[in-house]
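Chemist: Dropping in data28.txt, with compact mmCIF, N, CA and C atoms.
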```txt
# COMPACT_ATOMS: atom_id res chain seq x y z
N SER A 70 52.61 5.12 27.10
CA SER A 70 52.18 6.47 26.84
C SER A 70 51.48 7.02 28.07
N GLY A 71 50.16 7.24 28.03
CA GLY A 71 49.47 7.79 29.19
C GLY A 71 49.53 9.30 29.20
N ALA A 72 48.90 9.89 30.18
CA ALA A 72 48.88 11.36 30.28
C ALA A 72 50.22 11.82 30.79
N GLY A 73 51.02 12.39 29.94
CA GLY A 73 52.35 12.84 30.34
C GLY A 73 52.47 14.34 30.23
N GLY A 74 53.63 14.84 30.55
CA GLY A 74 53.90 16.27 30.38
C GLY A 74 53.17 17.14 31.38
N GLY A 75 52.70 16.57 32.47
CA GLY A 75 52.05 17.39 33.49
C GLY A 75 50.59 17.67 33.22
N GLY A 76 50.02 17.13 32.15
CA GLY A 76 48.59 17.33 31.88
C GLY A 76 48.33 18.75 31.43
N GLY A 77 47.19 19.30 31.79
CA GLY A 77 46.85 20.67 31.43
C GLY A 77 46.47 20.79 29.97
N LEU A 78 46.78 21.93 29.39
CA LEU A 78 46.37 22.22 28.03
C LEU A 78 47.13 21.42 26.99
N HIS A 79 48.32 20.97 27.31
CA HIS A 79 49.14 20.26 26.34
C HIS A 79 49.39 18.84 26.82
N ALA A 80 48.34 18.08 27.04
CA ALA A 80 48.45 16.72 27.55
C ALA A 80 48.62 15.74 26.39
N VAL A 81 49.19 14.60 26.68
CA VAL A 81 49.34 13.53 25.70
C VAL A 81 48.30 12.48 26.02
N ASP A 82 47.47 12.14 25.04
CA ASP A 82 46.43 11.14 25.24
C ASP A 82 47.02 9.74 25.09
N LEU A 83 46.22 8.73 25.40
CA LEU A 83 46.67 7.34 25.32
C LEU A 83 47.12 6.95 23.92
N ASP A 84 46.52 7.55 22.90
CA ASP A 84 46.91 7.19 21.54
C ASP A 84 48.14 7.95 21.06
N GLY A 85 48.74 8.78 21.94
CA GLY A 85 49.96 9.49 21.60
C GLY A 85 49.73 10.86 20.98
N ALA A 86 48.47 11.23 20.74
CA ALA A 86 48.18 12.53 20.14
C ALA A 86 48.39 13.63 21.18
N VAL A 87 48.98 14.74 20.76
CA VAL A 87 49.20 15.88 21.65
C VAL A 87 48.05 16.85 21.46
N TYR A 88 47.43 17.22 22.54
CA TYR A 88 46.31 18.14 22.48
C TYR A 88 46.75 19.50 23.00
N GLY A 89 46.76 20.47 22.12
CA GLY A 89 47.15 21.83 22.51
C GLY A 89 46.02 22.81 22.33
N SER A 90 44.83 22.31 22.05
CA SER A 90 43.69 23.21 21.90
C SER A 90 42.45 22.52 22.45
N PHE A 91 41.42 23.28 22.59
CA PHE A 91 40.18 22.76 23.13
C PHE A 91 39.30 22.22 22.02
N PRO A 92 38.50 21.23 22.30
CA PRO A 92 37.52 20.80 21.31
C PRO A 92 36.47 21.89 21.14
N THR A 93 35.69 21.78 20.09
CA THR A 93 34.64 22.78 19.90
C THR A 93 33.67 22.73 21.07
N LEU A 94 33.04 23.83 21.32
CA LEU A 94 32.13 23.95 22.44
C LEU A 94 30.81 24.51 21.94
N THR A 95 29.74 23.82 22.24
CA THR A 95 28.41 24.28 21.88
C THR A 95 27.66 24.56 23.17
N GLN A 96 27.04 25.72 23.22
CA GLN A 96 26.25 26.07 24.40
C GLN A 96 24.81 26.30 23.96
N LEU A 97 23.90 25.71 24.66
CA LEU A 97 22.47 25.93 24.43
C LEU A 97 21.93 26.75 25.59
N ILE A 98 21.24 27.82 25.26
CA ILE A 98 20.68 28.69 26.28
C ILE A 98 19.16 28.69 26.08
N PRO A 99 18.45 27.91 26.91
CA PRO A 99 17.00 27.86 26.74
C PRO A 99 16.36 29.19 27.13
N VAL A 100 15.43 29.64 26.32
CA VAL A 100 14.74 30.90 26.56
C VAL A 100 13.25 30.65 26.38
N TYR A 101 12.48 31.08 27.34
CA TYR A 101 11.03 30.96 27.22
C TYR A 101 10.40 32.30 27.59
N ASP A 102 9.83 32.94 26.59
CA ASP A 102 9.06 34.17 26.80
C ASP A 102 9.84 35.21 27.61
N GLU A 103 11.09 35.42 27.26
CA GLU A 103 11.92 36.41 27.95
C GLU A 103 12.45 37.42 26.94
N ASP A 104 12.68 38.62 27.43
CA ASP A 104 13.33 39.63 26.58
C ASP A 104 14.81 39.28 26.47
N ILE A 105 15.32 39.33 25.27
CA ILE A 105 16.77 39.18 25.10
C ILE A 105 17.40 40.55 25.25
N ILE A 106 16.92 41.49 24.47
CA ILE A 106 17.31 42.90 24.62
C ILE A 106 16.01 43.66 24.87
N LEU A 107 15.99 44.50 25.89
CA LEU A 107 14.77 45.22 26.23
C LEU A 107 14.28 46.05 25.04
N THR A 108 12.98 46.06 24.84
CA THR A 108 12.38 46.79 23.73
C THR A 108 12.25 48.28 24.08
N VAL A 109 12.15 49.09 23.06
CA VAL A 109 11.91 50.52 23.25
C VAL A 109 10.62 50.70 24.04
N ARG A 110 9.60 49.95 23.68
CA ARG A 110 8.31 50.06 24.37
C ARG A 110 8.47 49.79 25.88
N LYS A 111 9.19 48.74 26.23
CA LYS A 111 9.41 48.40 27.64
C LYS A 111 10.15 49.53 28.36
N LEU A 112 11.12 50.13 27.70
CA LEU A 112 11.89 51.21 28.33
C LEU A 112 11.06 52.48 28.50
N ARG A 113 10.14 52.72 27.59
CA ARG A 113 9.29 53.91 27.67
C ARG A 113 8.13 53.73 28.65
N GLU A 114 7.76 52.47 28.93
CA GLU A 114 6.65 52.19 29.85
C GLU A 114 7.02 52.55 31.27
N SER A 115 5.99 52.59 32.12
CA SER A 115 6.19 52.82 33.55
C SER A 115 5.56 51.68 34.32
N ASP A 116 6.40 50.88 34.99
CA ASP A 116 5.88 49.78 35.80
C ASP A 116 5.43 50.25 37.18
N ASP A 117 5.95 51.41 37.62
CA ASP A 117 5.60 51.90 38.95
C ASP A 117 4.64 53.09 38.91
N GLY A 118 4.26 53.54 37.72
CA GLY A 118 3.35 54.67 37.60
C GLY A 118 4.00 56.01 37.83
N VAL A 119 5.31 56.04 38.09
CA VAL A 119 6.01 57.30 38.36
C VAL A 119 7.07 57.56 37.31
N ASN A 120 8.02 56.64 37.19
CA ASN A 120 9.13 56.78 36.24
C ASN A 120 8.94 55.85 35.05
N THR A 121 9.57 56.21 33.94
CA THR A 121 9.68 55.22 32.87
C THR A 121 10.61 54.12 33.38
N ASN A 122 10.56 52.96 32.77
CA ASN A 122 11.48 51.89 33.17
C ASN A 122 12.92 52.32 32.95
N LEU A 123 13.18 53.06 31.87
CA LEU A 123 14.53 53.57 31.65
C LEU A 123 14.93 54.50 32.79
N GLY A 124 14.02 55.39 33.17
CA GLY A 124 14.31 56.31 34.28
C GLY A 124 14.62 55.57 35.57
N PHE A 125 13.88 54.49 35.83
CA PHE A 125 14.13 53.72 37.04
C PHE A 125 15.51 53.06 37.00
N ILE A 126 15.86 52.46 35.86
CA ILE A 126 17.17 51.80 35.73
C ILE A 126 18.29 52.82 35.93
N ILE A 127 18.11 54.02 35.38
CA ILE A 127 19.11 55.08 35.54
C ILE A 127 19.30 55.40 37.02
N THR A 128 18.21 55.42 37.80
CA THR A 128 18.34 55.73 39.24
C THR A 128 19.12 54.64 39.97
N GLN A 129 19.13 53.43 39.44
CA GLN A 129 19.86 52.34 40.08
C GLN A 129 21.35 52.35 39.73
N TYR A 130 21.70 52.95 38.60
CA TYR A 130 23.08 52.95 38.11
C TYR A 130 23.48 54.35 37.61
N PRO A 131 23.35 55.39 38.44
CA PRO A 131 23.61 56.75 37.95
C PRO A 131 25.04 56.98 37.47
N ASP A 132 26.02 56.39 38.14
CA ASP A 132 27.41 56.59 37.72
C ASP A 132 27.66 55.96 36.36
N GLN A 133 27.09 54.78 36.14
CA GLN A 133 27.27 54.10 34.86
C GLN A 133 26.52 54.82 33.75
N TRP A 134 25.35 55.41 34.06
CA TRP A 134 24.61 56.19 33.07
C TRP A 134 25.42 57.43 32.68
N GLU A 135 26.06 58.04 33.66
CA GLU A 135 26.89 59.21 33.38
C GLU A 135 28.05 58.84 32.45
N LEU A 136 28.65 57.67 32.67
CA LEU A 136 29.73 57.21 31.79
C LEU A 136 29.23 56.99 30.36
N LEU A 137 28.03 56.40 30.24
CA LEU A 137 27.46 56.21 28.90
C LEU A 137 27.20 57.56 28.25
N ALA A 138 26.67 58.50 29.02
CA ALA A 138 26.41 59.84 28.47
C ALA A 138 27.70 60.50 27.99
N LYS A 139 28.78 60.36 28.76
CA LYS A 139 30.06 60.92 28.33
C LYS A 139 30.53 60.27 27.04
N LYS A 140 30.36 58.97 26.95
CA LYS A 140 30.74 58.26 25.71
C LYS A 140 29.95 58.80 24.52
N GLU A 141 28.70 59.15 24.77
CA GLU A 141 27.84 59.67 23.70
C GLU A 141 27.96 61.19 23.55
N VAL A 142 28.85 61.81 24.31
CA VAL A 142 29.09 63.25 24.30
C VAL A 142 27.78 64.01 24.57
N LYS A 143 27.13 63.60 25.65
CA LYS A 143 25.90 64.24 26.09
C LYS A 143 25.91 64.30 27.61
N SER A 144 25.08 65.16 28.17
CA SER A 144 24.87 65.14 29.61
C SER A 144 23.96 63.94 29.92
N PRO A 145 23.93 63.47 31.16
CA PRO A 145 23.01 62.37 31.49
C PRO A 145 21.56 62.70 31.14
N GLU A 146 21.14 63.93 31.43
CA GLU A 146 19.77 64.34 31.10
C GLU A 146 19.59 64.43 29.59
N GLY A 147 20.63 64.90 28.91
CA GLY A 147 20.56 65.01 27.45
C GLY A 147 20.45 63.65 26.77
N LEU A 148 21.14 62.67 27.31
CA LEU A 148 21.06 61.32 26.75
C LEU A 148 19.67 60.74 26.94
N TYR A 149 19.11 60.92 28.13
CA TYR A 149 17.74 60.45 28.38
C TYR A 149 16.78 61.13 27.42
N GLY A 150 16.90 62.45 27.30
CA GLY A 150 16.03 63.20 26.39
C GLY A 150 16.20 62.78 24.94
N ALA A 151 17.44 62.53 24.53
CA ALA A 151 17.70 62.11 23.15
C ALA A 151 17.04 60.76 22.87
N PHE A 152 17.14 59.83 23.83
CA PHE A 152 16.51 58.52 23.65
C PHE A 152 14.99 58.67 23.58
N MET A 153 14.41 59.42 24.51
CA MET A 153 12.96 59.58 24.53
C MET A 153 12.46 60.28 23.28
N SER A 154 13.21 61.26 22.80
CA SER A 154 12.83 61.97 21.58
C SER A 154 12.95 61.06 20.35
N ALA A 155 14.05 60.30 20.29
CA ALA A 155 14.28 59.42 19.14
C ALA A 155 13.28 58.29 19.06
N THR A 156 12.69 57.92 20.19
CA THR A 156 11.75 56.80 20.21
C THR A 156 10.31 57.25 20.37
N ASN A 157 10.05 58.54 20.22
CA ASN A 157 8.70 59.08 20.39
C ASN A 157 7.83 58.67 19.21
N PRO A 158 6.79 57.86 19.46
CA PRO A 158 5.93 57.43 18.36
C PRO A 158 5.23 58.59 17.67
N ALA A 159 4.97 59.69 18.38
CA ALA A 159 4.32 60.85 17.78
C ALA A 159 5.21 61.49 16.72
N GLY A 160 6.52 61.28 16.82
CA GLY A 160 7.46 61.85 15.86
C GLY A 160 7.47 61.13 14.53
N SER A 161 6.71 60.04 14.41
CA SER A 161 6.72 59.27 13.16
C SER A 161 6.03 60.01 12.02
N ASN A 162 5.30 61.10 12.31
CA ASN A 162 4.65 61.88 11.25
C ASN A 162 5.60 62.90 10.63
N ASN A 163 6.78 63.05 11.20
CA ASN A 163 7.77 63.99 10.67
C ASN A 163 8.34 63.46 9.37
N PRO A 164 8.89 64.36 8.53
CA PRO A 164 9.52 63.88 7.30
C PRO A 164 10.72 63.00 7.62
N PRO A 165 11.07 62.07 6.73
CA PRO A 165 12.19 61.16 6.99
C PRO A 165 13.50 61.92 7.18
N SER A 166 14.33 61.41 8.05
CA SER A 166 15.64 62.00 8.31
C SER A 166 16.62 61.57 7.23
N PRO A 167 17.68 62.38 7.00
CA PRO A 167 18.74 61.92 6.09
C PRO A 167 19.34 60.61 6.61
N PRO A 168 19.90 59.78 5.72
CA PRO A 168 20.41 58.47 6.14
C PRO A 168 21.41 58.52 7.29
N HIS A 169 22.33 59.49 7.30
CA HIS A 169 23.32 59.54 8.38
C HIS A 169 22.66 59.86 9.72
N VAL A 170 21.60 60.66 9.72
CA VAL A 170 20.88 60.98 10.96
C VAL A 170 20.10 59.76 11.43
N SER A 171 19.45 59.07 10.50
CA SER A 171 18.70 57.86 10.86
C SER A 171 19.62 56.79 11.43
N ALA A 172 20.80 56.61 10.83
CA ALA A 172 21.75 55.61 11.31
C ALA A 172 22.24 55.97 12.71
N GLU A 173 22.52 57.24 12.95
CA GLU A 173 22.96 57.68 14.28
C GLU A 173 21.85 57.50 15.30
N ARG A 174 20.62 57.81 14.91
CA ARG A 174 19.47 57.63 15.79
C ARG A 174 19.32 56.16 16.18
N GLU A 175 19.38 55.27 15.21
CA GLU A 175 19.25 53.83 15.47
C GLU A 175 20.40 53.32 16.34
N ARG A 176 21.60 53.83 16.11
CA ARG A 176 22.75 53.42 16.91
C ARG A 176 22.56 53.84 18.37
N LEU A 177 22.10 55.07 18.59
CA LEU A 177 21.87 55.56 19.94
C LEU A 177 20.79 54.73 20.64
N ILE A 178 19.71 54.45 19.94
CA ILE A 178 18.63 53.64 20.52
C ILE A 178 19.16 52.27 20.93
N MET A 179 19.93 51.63 20.06
CA MET A 179 20.45 50.30 20.38
C MET A 179 21.46 50.37 21.52
N GLU A 180 22.26 51.41 21.58
CA GLU A 180 23.24 51.57 22.66
C GLU A 180 22.52 51.65 24.01
N VAL A 181 21.45 52.42 24.10
CA VAL A 181 20.69 52.54 25.34
C VAL A 181 19.99 51.23 25.66
N ARG A 182 19.42 50.57 24.66
CA ARG A 182 18.76 49.28 24.89
C ARG A 182 19.75 48.25 25.43
N MET A 183 20.96 48.20 24.87
CA MET A 183 21.97 47.26 25.35
C MET A 183 22.43 47.63 26.76
N TRP A 184 22.64 48.91 27.00
CA TRP A 184 23.07 49.36 28.32
C TRP A 184 22.07 48.91 29.39
N THR A 185 20.78 49.14 29.13
CA THR A 185 19.77 48.76 30.11
C THR A 185 19.65 47.24 30.22
N SER A 186 19.72 46.55 29.11
CA SER A 186 19.60 45.10 29.13
C SER A 186 20.72 44.44 29.91
N MET A 187 21.91 45.01 29.87
CA MET A 187 23.04 44.44 30.61
C MET A 187 22.92 44.70 32.12
N ARG A 188 21.97 45.53 32.52
CA ARG A 188 21.79 45.82 33.94
C ARG A 188 20.51 45.22 34.50
N MET A 189 19.77 44.53 33.68
CA MET A 189 18.54 43.86 34.12
C MET A 189 18.74 42.36 33.97
N GLN A 190 17.80 41.60 34.47
CA GLN A 190 17.86 40.15 34.33
C GLN A 190 17.32 39.76 32.96
N THR A 191 18.16 39.90 31.95
CA THR A 191 17.77 39.55 30.59
C THR A 191 18.69 38.47 30.06
N VAL A 192 18.25 37.82 29.02
CA VAL A 192 19.02 36.74 28.42
C VAL A 192 20.31 37.27 27.79
N VAL A 193 20.35 38.54 27.40
CA VAL A 193 21.55 39.09 26.77
C VAL A 193 22.75 38.98 27.72
N ARG A 194 22.52 39.08 29.01
CA ARG A 194 23.63 38.93 29.97
C ARG A 194 24.20 37.52 29.91
N THR A 195 23.32 36.53 29.80
CA THR A 195 23.76 35.13 29.70
C THR A 195 24.53 34.90 28.40
N ILE A 196 24.01 35.44 27.32
CA ILE A 196 24.67 35.29 26.02
C ILE A 196 26.03 35.98 26.04
N HIS A 197 26.08 37.17 26.61
CA HIS A 197 27.34 37.90 26.70
C HIS A 197 28.37 37.10 27.51
N GLY A 198 27.92 36.49 28.60
CA GLY A 198 28.81 35.66 29.40
C GLY A 198 29.32 34.46 28.62
N ALA A 199 28.45 33.85 27.81
CA ALA A 199 28.88 32.71 27.00
C ALA A 199 29.93 33.13 25.97
N VAL A 200 29.74 34.29 25.38
CA VAL A 200 30.73 34.80 24.41
C VAL A 200 32.06 35.06 25.11
N LEU A 201 32.01 35.66 26.29
CA LEU A 201 33.25 35.91 27.03
C LEU A 201 33.94 34.61 27.41
N TYR A 202 33.16 33.57 27.70
CA TYR A 202 33.73 32.26 28.02
C TYR A 202 34.52 31.73 26.83
N HIS A 203 33.94 31.85 25.64
CA HIS A 203 34.64 31.41 24.43
C HIS A 203 35.93 32.21 24.23
N LYS A 204 35.87 33.51 24.48
CA LYS A 204 37.07 34.34 24.35
C LYS A 204 38.13 33.94 25.36
N ALA A 205 37.70 33.63 26.58
CA ALA A 205 38.65 33.20 27.62
C ALA A 205 39.32 31.90 27.22
N LEU A 206 38.57 30.98 26.64
CA LEU A 206 39.17 29.72 26.18
C LEU A 206 40.22 30.00 25.10
N GLY A 207 39.92 30.96 24.23
CA GLY A 207 40.89 31.32 23.20
C GLY A 207 42.16 31.89 23.78
N VAL A 208 42.03 32.69 24.82
CA VAL A 208 43.22 33.24 25.49
C VAL A 208 44.03 32.12 26.12
N LEU A 209 43.35 31.21 26.77
CA LEU A 209 44.06 30.07 27.37
C LEU A 209 44.77 29.23 26.32
N ARG A 210 44.16 29.13 25.14
CA ARG A 210 44.73 28.37 24.06
C ARG A 210 45.91 29.09 23.44
N GLY A 211 46.00 30.39 23.65
CA GLY A 211 47.11 31.16 23.11
C GLY A 211 46.75 32.00 21.89
N ASP A 212 45.45 32.10 21.57
CA ASP A 212 45.05 32.96 20.46
C ASP A 212 45.29 34.40 20.85
N SER A 213 45.84 35.17 19.98
CA SER A 213 46.13 36.56 20.30
C SER A 213 44.87 37.39 20.35
N GLY A 214 43.88 37.08 19.50
CA GLY A 214 42.65 37.86 19.46
C GLY A 214 41.59 37.41 20.43
N GLY A 215 41.69 36.21 20.99
CA GLY A 215 40.71 35.73 21.93
C GLY A 215 39.59 34.99 21.34
```
Show me, as structure tokens, the structure contained in the file I just sent.

Modeler:
Amino acid sequence: SGAGGGGGLHAVDLDGAVYGSFPTLTQLIPVYDEDIILTVRKLRESDDGVNTNLGFIITQYPDQWELLAKKEVKSPEGLYGAFMSATNPAGSNNPPSPPHVSAERERLIMEVRMWTSMRMQTVVRTIHGAVLYHKALGVLRGDSGG
């Protein structure tokens, strides 16, 4: 027997079993006192005393912020304003929003948090990479969905 068929993804093991898929894969990502997804508070804060952290990140990736704004059907300034308004702690005294408005507000907040987190040194980038690795293995295995 032995490794026949050219090896690779469809190799024959010594016991004659044909392997056409990968064994399960477990990844451990150690995290110590790190943000996984940046918090609203962190984005609203100012580390430099001039801009909010969100404002600073936008200055580093203006083209990508513009693309996110287009996806959200807003101008870049409008998207920033919508996030700041939606996360304004002073607005918590207002009457509750209808469920569809609250859901849209929460979706927008999470979209901006994810956008910024993917551009900073956060654990979410590592986790996202691990997920893509699993999808790539699925493609190599021949799964249509990845």

Chemist: Find the residue from A:Ala155, A:Ile126, A:Leu201, A:Val119 that sits nearest to Arg176 of chain A; use only C-alpha atoms when measuring.

Modeler: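 Smallest distance to Arg176 of chain A is found for A:Ala155.
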
Chemist: In Å, how far is it from atom C of Arg210 of chain A to atom C of Gln96 of chain A?

Modeler: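 Going from atom C of Arg210 of chain A over to atom C of Gln96 of chain A covers 21.3 Å.
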
Chemist: Would you compute the box with edges along x, y and z of the file around segment 168-187 of chain A, including every atom the file lists for it and 6 Å extra on each side, and give its centre and edge lengths in Å to one decimal, as JSON?

Modeler:
```
{"center_x": 21.0, "center_y": 52.7, "center_z": 18.9, "size_x": 16.7, "size_y": 28.5, "size_z": 38.4}
```

Chemist: For atom C of Tyr101 of chain A and atom N of Thr185 of chain A, quote the distance in Å rounded to one decimal.

Modeler: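 Distance reported for this atom pair: 19.8 Å.
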
Chemist: Could you state the separation of atom C of Ala205 of chain A and atom CA of Leu137 of chain A in Å, given to one decimal place?

Modeler: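 Separation of atom C of Ala205 of chain A and atom CA of Leu137 of chain A: 27.1 Å.
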
Chemist: Please provide the set of residues having any atom within 6.5 Å of Val192 of chain A, restricted to all atoms listed in the file, with same-chain residues fewer than 4 positions apart removed, written as a PDB file with N, CA and C atoms, in the frame of the given file.

Modeler:
```pdb
ATOM      1  N   GLU A 103      11.090  35.420  27.260  1.00  0.00           N
ATOM      2  CA  GLU A 103      11.920  36.410  27.950  1.00  0.00           C
ATOM      3  C   GLU A 103      12.450  37.420  26.940  1.00  0.00           C
ATOM      4  N   ASP A 104      12.680  38.620  27.430  1.00  0.00           N
ATOM      5  CA  ASP A 104      13.330  39.630  26.580  1.00  0.00           C
ATOM      6  C   ASP A 104      14.810  39.280  26.470  1.00  0.00           C
ATOM      7  N   ILE A 105      15.320  39.330  25.270  1.00  0.00           N
ATOM      8  CA  ILE A 105      16.770  39.180  25.100  1.00  0.00           C
ATOM      9  C   ILE A 105      17.400  40.550  25.250  1.00  0.00           C
ATOM     10  N   ILE A 106      16.920  41.490  24.470  1.00  0.00           N
ATOM     11  CA  ILE A 106      17.310  42.900  24.620  1.00  0.00           C
ATOM     12  C   ILE A 106      16.010  43.660  24.870  1.00  0.00           C
ATOM     13  N   ILE A 196      24.010  35.440  27.320  1.00  0.00           N
ATOM     14  CA  ILE A 196      24.670  35.290  26.020  1.00  0.00           C
ATOM     15  C   ILE A 196      26.030  35.980  26.040  1.00  0.00           C
ATOM     16  N   HIS A 197      26.080  37.170  26.610  1.00  0.00           N
ATOM     17  CA  HIS A 197      27.340  37.900  26.700  1.00  0.00           C
ATOM     18  C   HIS A 197      28.370  37.100  27.510  1.00  0.00           C
TER      19      HIS A 197
END
```

Chemist: Write out as a list in words each polymer residue whose atoms come within 8 Å of Glu146 of chain A, counting all atoms listed in the file; drop sequence neighbours fewer than 4 positions from it.

Modeler: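 Selected residues are Trp134, Glu135, Ala138, Gly150, Ala151 and Phe152 of chain A.
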
Chemist: Ranking A:Gln129, A:Thr95, A:Thr156, A:Thr121 by minimum distance to Met189 of chain A and counting only C-alpha atoms, which one comes first?

Modeler: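 The shortest atom-to-atom distance to Met189 of chain A comes from A:Gln129.
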